[in-house]
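Content type compact mmCIF, C-alpha atoms, from the file entry-v4.txt:
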# COMPACT_ATOMS: atom_id res chain seq x y z
CA MET A 271 83.58 139.64 40.14
CA GLY A 272 81.61 138.09 42.98
CA LYS A 273 80.24 141.48 43.92
CA ASN A 274 78.99 142.02 40.38
CA LEU A 275 77.14 138.71 40.44
CA ARG A 276 75.50 139.47 43.74
CA TYR A 277 73.93 142.63 42.44
CA THR A 278 72.57 140.99 39.25
CA LYS A 279 68.72 141.42 39.13
CA GLY A 280 68.98 143.43 42.33
CA TYR A 281 68.97 140.38 44.61
CA GLY A 282 71.64 141.85 46.95
CA GLU A 283 73.81 139.96 49.38
CA GLY A 284 73.57 136.14 49.31
CA ALA A 285 71.80 136.02 45.97
CA GLU A 286 73.94 133.18 44.67
CA LYS A 287 72.31 130.67 46.98
CA ARG A 288 68.76 131.79 46.38
CA LEU A 289 69.11 131.68 42.59
CA GLY A 290 69.56 127.97 42.70
CA SER A 291 66.57 127.20 44.92
CA SER A 292 63.76 124.97 43.64
CA SER A 293 61.14 127.66 44.37
CA ASP A 294 62.85 129.97 41.88
CA PHE A 295 62.73 127.31 39.18
CA ASN A 296 59.05 126.61 39.97
CA PHE A 297 58.31 130.32 39.66
CA LYS A 298 60.09 130.41 36.30
CA GLU A 299 58.13 127.40 35.05
CA GLU A 300 54.84 128.98 36.16
CA LYS A 301 55.78 132.23 34.43
CA ASP A 302 56.70 130.40 31.23
CA GLN A 303 53.43 128.46 31.39
CA LYS A 304 51.40 131.65 31.78
CA ALA A 305 53.19 133.22 28.82
CA GLU A 306 52.52 130.09 26.76
CA ASP A 307 48.85 130.08 27.78
CA PHE A 308 48.57 133.74 26.80
CA LEU A 309 50.09 133.07 23.38
CA ASP A 310 47.81 130.08 22.94
CA ALA A 311 44.76 132.24 23.74
CA TYR A 312 45.92 134.83 21.21
CA SER A 313 46.53 132.13 18.61
CA ARG A 314 43.16 130.51 19.28
CA ALA A 315 41.40 133.86 18.74
CA VAL A 316 43.13 134.46 15.40
CA VAL A 317 42.71 130.84 14.23
CA THR A 318 39.01 130.80 15.16
CA VAL A 319 38.34 134.04 13.31
CA ALA A 320 40.32 132.91 10.26
CA GLU A 321 38.42 129.62 10.05
CA ARG A 322 35.05 131.33 10.44
CA LEU A 323 35.63 134.28 8.09
CA SER A 324 37.84 132.86 5.34
CA PRO A 325 34.91 131.19 3.50
CA THR A 326 33.20 134.61 3.25
CA VAL A 327 36.23 136.39 1.77
CA VAL A 328 36.53 136.40 -2.02
CA SER A 329 39.22 137.25 -4.54
CA ILE A 330 38.21 139.74 -7.23
CA LYS A 331 40.05 139.74 -10.54
CA THR A 332 39.42 142.84 -12.64
CA THR A 333 40.04 143.63 -16.30
CA GLN A 334 40.40 147.23 -17.37
CA GLU A 335 41.11 148.72 -20.77
CA VAL A 336 44.05 151.12 -20.74
CA LYS A 337 45.89 152.93 -23.50
CA ALA A 338 49.63 153.13 -24.08
CA GLN A 339 51.69 155.39 -26.31
CA THR A 340 53.81 153.36 -28.75
CA PRO A 341 55.85 154.20 -31.87
CA ARG A 342 52.77 153.11 -33.84
CA GLY A 343 50.50 155.44 -31.91
CA ILE A 344 48.13 154.95 -28.99
CA ILE A 345 47.23 151.29 -28.59
CA PRO A 346 44.56 150.00 -26.17
CA PHE A 347 45.20 146.84 -24.19
CA ASP A 348 43.67 144.96 -21.27
CA MET A 349 45.26 145.21 -17.83
CA THR A 350 44.35 142.87 -15.00
CA ALA A 351 44.43 143.60 -11.27
CA SER A 352 43.11 141.98 -8.12
CA GLY A 353 41.35 142.90 -4.93
CA SER A 354 39.27 141.38 -2.17
CA GLY A 355 35.68 141.42 -1.01
CA VAL A 356 33.42 140.01 1.67
CA ILE A 357 30.08 138.23 1.13
CA ILE A 358 27.28 140.02 3.00
CA THR A 359 24.17 138.13 1.77
CA PRO A 360 23.58 134.45 0.91
CA ASP A 361 22.36 135.40 -2.59
CA GLY A 362 25.68 136.79 -3.75
CA TYR A 363 26.00 140.43 -2.72
CA ILE A 364 29.63 141.29 -1.99
CA LEU A 365 31.05 144.41 -0.35
CA THR A 366 34.37 145.77 -1.63
CA ASN A 367 36.14 149.03 -2.50
CA SER A 368 35.08 151.38 -5.27
CA HIS A 369 38.66 151.72 -6.49
CA VAL A 370 38.82 147.94 -6.98
CA VAL A 371 35.92 147.81 -9.46
CA HIS A 372 35.78 151.36 -10.88
CA ASN A 373 35.83 151.57 -14.70
CA THR A 374 36.39 147.84 -15.17
CA LYS A 375 35.17 145.94 -18.23
CA GLY A 376 35.15 142.54 -16.55
CA LEU A 377 34.97 141.07 -13.05
CA GLU A 378 35.65 137.51 -11.94
CA VAL A 379 35.11 136.43 -8.35
CA SER A 380 36.80 133.36 -6.88
CA LEU A 381 35.42 131.75 -3.73
CA SER A 382 37.41 129.92 -1.08
CA ASP A 383 35.96 126.57 -2.27
CA GLY A 384 37.53 127.04 -5.71
CA ARG A 385 34.44 128.12 -7.63
CA SER A 386 34.58 131.20 -9.86
CA PHE A 387 31.76 133.42 -11.11
CA PRO A 388 31.42 136.48 -13.32
CA ALA A 389 30.24 139.49 -11.30
CA GLN A 390 28.33 142.67 -12.00
CA VAL A 391 28.66 146.01 -10.27
CA ILE A 392 25.42 146.82 -8.43
CA GLY A 393 26.61 150.26 -7.40
CA GLU A 394 29.62 152.17 -6.18
CA ASP A 395 30.24 155.25 -4.10
CA PRO A 396 33.66 156.79 -4.82
CA ASP A 397 33.10 159.38 -2.06
CA THR A 398 33.46 156.61 0.53
CA ASP A 399 35.48 154.21 -1.66
CA LEU A 400 32.83 151.51 -1.31
CA ALA A 401 31.07 149.30 -3.86
CA VAL A 402 28.68 146.37 -3.98
CA ILE A 403 28.98 143.66 -6.63
CA ARG A 404 26.94 140.49 -7.12
CA ILE A 405 27.61 136.98 -8.36
CA PRO A 406 24.98 134.46 -9.63
CA ALA A 407 25.17 132.10 -6.65
CA SER A 408 23.02 131.19 -3.65
CA ASN A 409 23.34 129.67 -0.18
CA LEU A 410 26.69 131.38 0.31
CA PRO A 411 28.37 131.81 3.71
CA THR A 412 28.07 135.38 4.98
CA ALA A 413 30.07 137.54 7.35
CA GLU A 414 28.53 139.03 10.47
CA LEU A 415 28.74 142.82 10.54
CA GLY A 416 29.76 144.34 13.86
CA ASP A 417 29.55 147.83 15.36
CA SER A 418 32.60 150.00 14.67
CA ASP A 419 31.41 152.61 17.20
CA LYS A 420 32.33 150.14 19.96
CA LEU A 421 35.96 149.74 18.87
CA LYS A 422 38.66 150.62 21.38
CA VAL A 423 42.25 151.63 20.70
CA GLY A 424 44.48 148.63 21.38
CA GLN A 425 41.78 146.08 20.54
CA LEU A 426 42.82 142.99 18.59
CA VAL A 427 41.78 143.01 14.91
CA ILE A 428 42.43 140.59 12.06
CA ALA A 429 42.65 141.45 8.36
CA ILE A 430 41.78 138.83 5.74
CA GLY A 431 42.34 139.32 2.04
CA ASN A 432 44.21 138.30 -1.06
CA PRO A 433 47.42 140.37 -1.26
CA PHE A 434 49.31 139.87 -4.51
CA GLY A 435 46.77 137.17 -5.42
CA PHE A 436 47.55 134.93 -2.42
CA GLN A 437 44.10 133.69 -1.40
CA ALA A 438 42.82 134.07 2.19
CA THR A 439 45.91 135.60 3.74
CA VAL A 440 45.50 136.46 7.43
CA THR A 441 47.34 139.18 9.37
CA ALA A 442 46.69 140.39 12.90
CA GLY A 443 47.30 143.62 14.77
CA VAL A 444 45.53 146.15 16.92
CA VAL A 445 43.34 149.18 16.45
CA SER A 446 45.91 151.98 16.41
CA ALA A 447 43.43 154.87 16.29
CA ILE A 448 39.77 155.55 15.61
CA GLY A 449 37.92 158.54 14.22
CA ARG A 450 40.52 159.32 11.57
CA THR A 451 39.60 161.15 8.36
CA MET A 452 40.94 160.32 4.91
CA ARG A 453 40.43 162.02 1.59
CA SER A 454 38.76 159.89 -1.09
CA GLN A 455 39.75 159.92 -4.75
CA THR A 456 36.92 162.39 -5.39
CA GLY A 457 38.38 164.85 -2.89
CA ARG A 458 35.73 164.39 -0.21
CA LEU A 459 36.67 163.43 3.34
CA ILE A 460 35.76 159.96 4.56
CA GLU A 461 34.93 160.14 8.26
CA ASN A 462 35.45 157.63 11.10
CA ILE A 463 38.34 155.78 9.49
CA VAL A 464 39.88 152.96 11.55
CA GLN A 465 43.68 152.90 11.69
CA THR A 466 45.39 149.56 12.32
CA ASP A 467 48.85 148.03 12.24
CA ALA A 468 47.53 144.74 10.78
CA ALA A 469 49.65 144.38 7.65
CA LEU A 470 47.90 145.23 4.38
CA ASN A 471 49.34 144.90 0.89
CA PRO A 472 48.09 145.47 -2.69
CA GLY A 473 45.20 143.07 -3.18
CA ASN A 474 43.93 143.44 0.40
CA SER A 475 41.67 146.30 -0.68
CA GLY A 476 38.02 145.47 -0.09
CA GLY A 477 38.70 142.67 2.38
CA PRO A 478 37.30 142.67 5.93
CA LEU A 479 38.90 143.89 9.12
CA VAL A 480 37.35 141.83 11.92
CA ASP A 481 37.39 141.77 15.71
CA SER A 482 38.29 138.81 17.92
CA HIS A 483 34.66 137.59 17.79
CA GLY A 484 34.73 137.36 14.00
CA ARG A 485 32.55 140.41 13.39
CA VAL A 486 33.47 142.71 10.52
CA VAL A 487 34.37 146.16 11.87
CA GLY A 488 35.91 147.68 8.75
CA ILE A 489 36.63 147.34 5.04
CA ASN A 490 40.35 147.57 4.33
CA THR A 491 41.08 150.37 1.91
CA ALA A 492 44.53 151.95 2.04
CA ILE A 493 48.09 151.96 3.26
CA ILE A 494 50.65 154.74 3.51
CA GLN A 495 53.34 153.84 1.02
CA TYR A 496 56.80 153.25 2.49
CA ALA A 497 55.38 153.42 6.04
CA GLN A 498 55.17 150.33 8.20
CA GLY A 499 52.18 149.50 10.35
CA ILE A 500 49.96 152.39 9.20
CA CYS A 501 46.89 150.99 7.43
CA PHE A 502 43.31 152.17 7.16
CA ALA A 503 39.82 150.68 6.96
CA ILE A 504 36.43 152.27 6.34
CA SER A 505 34.26 151.76 9.40
CA ILE A 506 31.63 149.07 9.00
CA ASN A 507 28.90 151.45 10.22
CA THR A 508 29.63 153.69 7.24
CA ALA A 509 29.87 150.64 4.95
CA ARG A 510 26.56 149.21 6.19
CA TRP A 511 24.72 152.46 5.40
CA VAL A 512 26.33 152.84 1.96
CA ALA A 513 25.83 149.17 1.02
CA GLY A 514 22.14 149.35 1.88
CA LEU A 515 21.66 152.34 -0.43
CA LEU A 516 23.71 150.77 -3.22
CA ILE A 517 21.69 147.54 -3.11
CA LYS A 518 18.39 149.45 -3.00
CA GLU A 519 19.08 152.32 -5.42
CA GLY A 520 22.43 151.63 -7.04
CA ARG A 521 23.92 154.89 -5.77
CA VAL A 522 24.16 157.22 -2.80
CA LYS A 523 22.23 160.48 -3.12
CA ARG A 524 24.02 163.47 -1.66
CA ALA A 525 22.94 167.06 -1.22
CA TYR A 526 24.55 169.58 -3.55
CA LEU A 527 25.09 173.34 -3.42
CA GLY A 528 26.93 174.09 -6.66
CA ILE A 529 29.97 176.21 -5.90
CA VAL A 530 33.72 176.00 -6.35
CA GLY A 531 35.54 177.60 -3.46
CA GLY A 532 38.51 177.68 -1.13
CA ASN A 533 39.32 178.41 2.49
CA LYS A 534 39.68 182.13 3.26
CA PRO A 535 40.94 183.70 6.52
CA VAL A 536 38.66 186.41 7.87
CA ASN A 537 39.07 189.19 10.40
CA LYS A 538 37.43 187.58 13.40
CA PHE A 539 37.43 190.88 15.32
CA GLY A 540 35.54 192.58 12.51
CA LEU A 541 32.97 189.77 12.57
CA ARG A 542 32.10 190.23 16.22
CA ARG A 543 29.58 192.92 15.37
CA TYR A 544 27.69 190.27 13.40
CA GLY A 545 27.85 187.75 16.26
CA LEU A 546 30.17 185.46 14.28
CA SER A 547 33.19 183.63 15.72
CA ASN A 548 34.77 182.36 12.49
CA GLU A 549 38.50 182.50 11.94
CA SER A 550 37.95 181.58 8.29
CA GLY A 551 35.20 181.02 5.75
CA VAL A 552 34.76 179.63 2.24
CA GLU A 553 35.39 182.09 -0.57
CA VAL A 554 33.30 181.38 -3.68
CA TYR A 555 35.45 181.12 -6.81
CA GLN A 556 32.73 179.91 -9.16
CA VAL A 557 28.97 179.40 -9.06
CA VAL A 558 27.69 176.52 -11.19
CA LYS A 559 25.05 177.58 -13.67
CA ASP A 560 21.44 176.73 -12.70
CA SER A 561 22.64 175.31 -9.37
CA PRO A 562 20.99 175.75 -5.95
CA ALA A 563 23.67 178.34 -5.12
CA GLU A 564 22.94 180.41 -8.24
CA ARG A 565 19.20 180.25 -7.66
CA GLY A 566 19.79 181.32 -4.05
CA GLY A 567 21.77 184.40 -5.05
CA VAL A 568 25.30 183.29 -4.13
CA GLN A 569 27.90 185.29 -6.10
CA VAL A 570 31.58 184.92 -6.94
CA GLY A 571 33.60 186.61 -4.18
CA ASP A 572 31.10 185.85 -1.42
CA ILE A 573 32.55 184.32 1.73
CA ILE A 574 30.26 181.65 3.18
CA VAL A 575 30.50 181.68 6.99
CA SER A 576 27.52 179.55 8.03
CA ILE A 577 24.72 177.33 6.72
CA ASN A 578 21.59 176.89 8.83
CA GLU A 579 23.49 178.44 11.76
CA ASN A 580 26.30 175.86 11.46
CA THR A 581 29.71 177.54 11.24
CA MET A 582 31.52 176.93 7.95
CA GLN A 583 35.26 177.55 8.15
CA SER A 584 36.43 175.27 5.33
CA VAL A 585 35.30 173.47 2.19
CA ASP A 586 35.38 170.26 4.22
CA ASP A 587 32.88 171.77 6.68
CA ILE A 588 30.45 172.33 3.78
CA HIS A 589 31.01 168.77 2.52
CA ARG A 590 30.38 167.35 5.99
CA TYR A 591 27.20 169.35 6.44
CA LEU A 592 25.76 168.51 3.02
CA ALA A 593 26.51 164.82 3.63
CA ARG A 594 24.20 164.94 6.67
CA VAL A 595 21.19 166.66 5.07
CA GLU A 596 18.67 165.31 2.60
CA VAL A 597 18.15 166.51 -0.93
CA GLY A 598 15.53 169.29 -0.85
CA THR A 599 16.57 170.63 2.56
CA LYS A 600 16.17 174.42 2.88
CA LEU A 601 19.52 176.14 3.36
CA ASN A 602 19.93 179.51 5.04
CA ILE A 603 23.37 180.62 3.84
CA THR A 604 25.16 183.43 5.65
CA VAL A 605 27.72 185.21 3.45
CA LEU A 606 29.99 188.22 3.68
CA ARG A 607 29.86 190.44 0.62
CA GLU A 608 31.84 193.68 0.39
CA GLY A 609 31.86 194.07 4.18
CA ARG A 610 28.16 193.33 4.58
CA LYS A 611 26.54 190.27 6.13
CA LEU A 612 23.78 188.79 3.94
CA GLU A 613 21.30 185.98 4.51
CA LEU A 614 20.55 183.95 1.37
CA ASN A 615 18.07 181.12 0.96
CA ALA A 616 18.56 178.05 -1.23
CA GLN A 617 17.36 174.47 -1.47
CA ALA A 618 19.82 171.58 -1.52
CA GLY A 619 19.93 169.86 -4.89
CA GLU A 620 21.06 166.35 -5.74
CA ALA A 621 24.69 165.77 -6.66
CA GLY A 622 25.08 164.32 -10.12
Show the structure stored in the file as structure tokens.
Amino acid sequence: MGKNLRYTKGYGEGAEKRLGSSSDFNFKEEKDQKAEDFLDAYSRAVVTVAERLSPTVVSIKTTQEVKAQTPRGIIPFDMTASGSGVIITPDGYILTNSHVVHNTKGLEVSLSDGRSFPAQVIGEDPDTDLAVIRIPASNLPTAELGDSDKLKVGQLVIAIGNPFGFQATVTAGVVSAIGRTMRSQTGRLIENIVQTDAALNPGNSGGPLVDSHGRVVGINTAIIQYAQGICFAISINTARWVAGLLIKEGRVKRAYLGIVGGNKPVNKFGLRRYGLSNESGVEVYQVVKDSPAERGGVQVGDIIVSINENTMQSVDDIHRYLARVEVGTKLNITVLREGRKLELNAQAGEAG
């Protein structure tokens, strides 16, 4: 038994005497103090951010008309839900999620000081799940917007929102990953998503994800159901761009081609004679009438392999490219048609 004790912690022979020395206890106290100081620093960061940001976070109560099948037929009734938002201007502009306010017939915003206001939707962009609403108030506290491009994996982040209607709930975690993509409710990919393990629940949608300096780095948007610690936020750099357009024009203008298509594998060896390196392209299933694609000569059965010399291997590639160009941009579309390579010219329209 004595031998077993001697080898505890790897101290070796004579460890029993050294374990009781005052220097060992001093070392333990110093270690405990450092751990306590570290926890205090962590707590101070979270507390400071919560105190600074909580006044800028609002609760959004929505009313939506839905219909239910009953023995007496289809009956409409009002359903209420809740979400979160963050104040971005002193005169009442609030950033939130599109899915929080989409198709609602009434919005009520509650501030942290207890005041409530009716709100109007200024604009929404379902493709990025972002929206801007406004309340008739002034001199409001505002959140500072950070730079999501500077985020690092492992960095401390804090989520503030109103899950299940509980006002100004704070959770903390880290940035688990950056540069994720997520499909919006419209089917488009949202780029540069921030993944975090800061706990999010229903009602957190639209609330801010902030760094340890209290700067908003994301807008909380989604969780993976039944998974723990996998939550997502739209990067604030995306949100800043979208919010500016929504406030100015009420919508985000996106370039439009006018096709329905799907991913199609191609014979990459057969394409070498055309100088193409694609492993797949986008097969056109339908051409929308009077669209830029129709006017440019795109036909059903064509396989789009590039636009303006940018390789197109999937529908998502076309979405990404059109999201980067302005309405009216000239498009040189390379297609494969019955074994031939054709160059077609179109002009990007505006998505409706």
Need to verify the contact set: A:Asn615, 7 Å, only C-alpha atoms, exclusion of same-chain residues closer than 5 positions in sequence. Can you return it as a PDB file with C-alpha atoms, in the frame of the given file?
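File produced: selection.pdb:
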ATOM      1  CA  GLY A 566      19.790 181.320  -4.050  1.00  0.00           C
ATOM      2  CA  LEU A 601      19.520 176.140   3.360  1.00  0.00           C
ATOM      3  CA  ASN A 602      19.930 179.510   5.040  1.00  0.00           C
ATOM      4  CA  ILE A 603      23.370 180.620   3.840  1.00  0.00           C
TER       5      ILE A 603
END
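Distances to A:Val530 were evaluated for A:Cys501, A:Leu516, A:Ile588, A:Val487 using all atoms listed in the file, and the minimum falls at A:Ile588.
The neighbours of A:Glu321 here are the residues that come within 12 Å of it, using only C-alpha atoms and leaving out any residue fewer than 4 positions away in the same chain; they are Arg314, Ala315, Val316, Val317, Pro325, Thr326, Val327, Ser382, Ala413, Ile428, Ile430, Ala438, Thr439, Val440, His483 and Gly484 of chain A.
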Checklist entry - Which residues come within 7 Å of A:Ser354, counting all atoms listed in the file, excluding same-chain residues fewer than 4 positions away, as a list of chain:residue names? => result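 Neighbouring residues, sequence-local ones excluded: A:Val328, A:Ser329, A:Ile330, A:Thr366, A:Gly431, A:Asn432, A:Gly473, A:Asn474, A:Ser475, A:Gly476, A:Gly477.
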Checklist entry - What separation in Å, quoted to one decimal, exists between atom CA of A:Leu400 and atom CA of A:Ala351? => result 17.2 Å
Checklist outcome for this item: If you count all atoms listed in the file, the residue of A:Pro472, A:Ser547, A:Val536, A:Asn507 closest to A:Ile494 turns out to be A:Pro472
Item to check | Pairwise distance for atom CA of A:Asp383 and atom CA of A:Gly416, rounded to one decimal in Å | outcome: 24.8 Å
Item to check | Atom pair atom CA of A:Thr332 / atom CA of A:Leu377: separation (Å) | outcome: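 Answer for the atom CA of A:Thr332 to atom CA of A:Leu377 separation: 4.8 Å.
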Next on the checklist: If we count only C-alpha atoms and set the cut-off at 9 Å, which residues sit around A:Arg521, ignoring sequence neighbours fewer than 5 positions away in its own chain? Please answer as a VMD selection string.
Outcome noted: chain A and resid 392 to 395 512 515 to 516
Next on the checklist: Need the shell around A:Arg404: protein/DNA/RNA residues with any atom at most 7 Å away, counting only C-alpha atoms. Skip same-chain ones fewer than 2 positions apart. Format as a list in words?
Outcome noted: Gly362, Tyr363, Ile364, Ala389, Gln390, Val391, Ile392, Val402 and Pro406 of chain A
Item to check | Pick from A:Leu470, A:Arg458, A:Asp397, A:Glu414, whichever lies nearest to A:Pro433 using all atoms listed in the file | outcome: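 The closest residue to A:Pro433 is A:Leu470.
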Next on the checklist: At a cut-off of 6 Å around the point (40.1, 144.5, 7.4) (file coordinates), what residues fall inside when counting only C-alpha atoms? I'd like the answer as a PyMOL selection string.
Outcome noted: chain A and resi 429+477-480+488-490
Checklist entry - With distances taken over only C-alpha atoms, which of A:Ser505, A:His372, A:Gln465, A:Asn367 is nearest to A:Lys420? => result A:Ser505
Padding 4 Å on every side, please: axis-aligned box over the listed atoms of stretch 452-462 of chain A, centre and edge lengths to one decimal in Å, as AutoDock Vina command-line options.
--center_x 37.9 --center_y 161.2 --center_z 2.9 --size_x 14.0 --size_y 15.2 --size_z 24.5
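Among the candidates A:Arg453, A:Lys611, A:Arg524, A:Arg322, the residue lying nearest to A:Val595 is A:Arg524 (atoms considered: only C-alpha atoms).
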Checklist entry - For A:Thr491, which residue out of A:Ile506, A:Leu421, A:Val427, A:Ala618 is the nearest one, using all atoms listed in the file? => result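 That would be A:Ile506, the residue with the smallest distance to A:Thr491.
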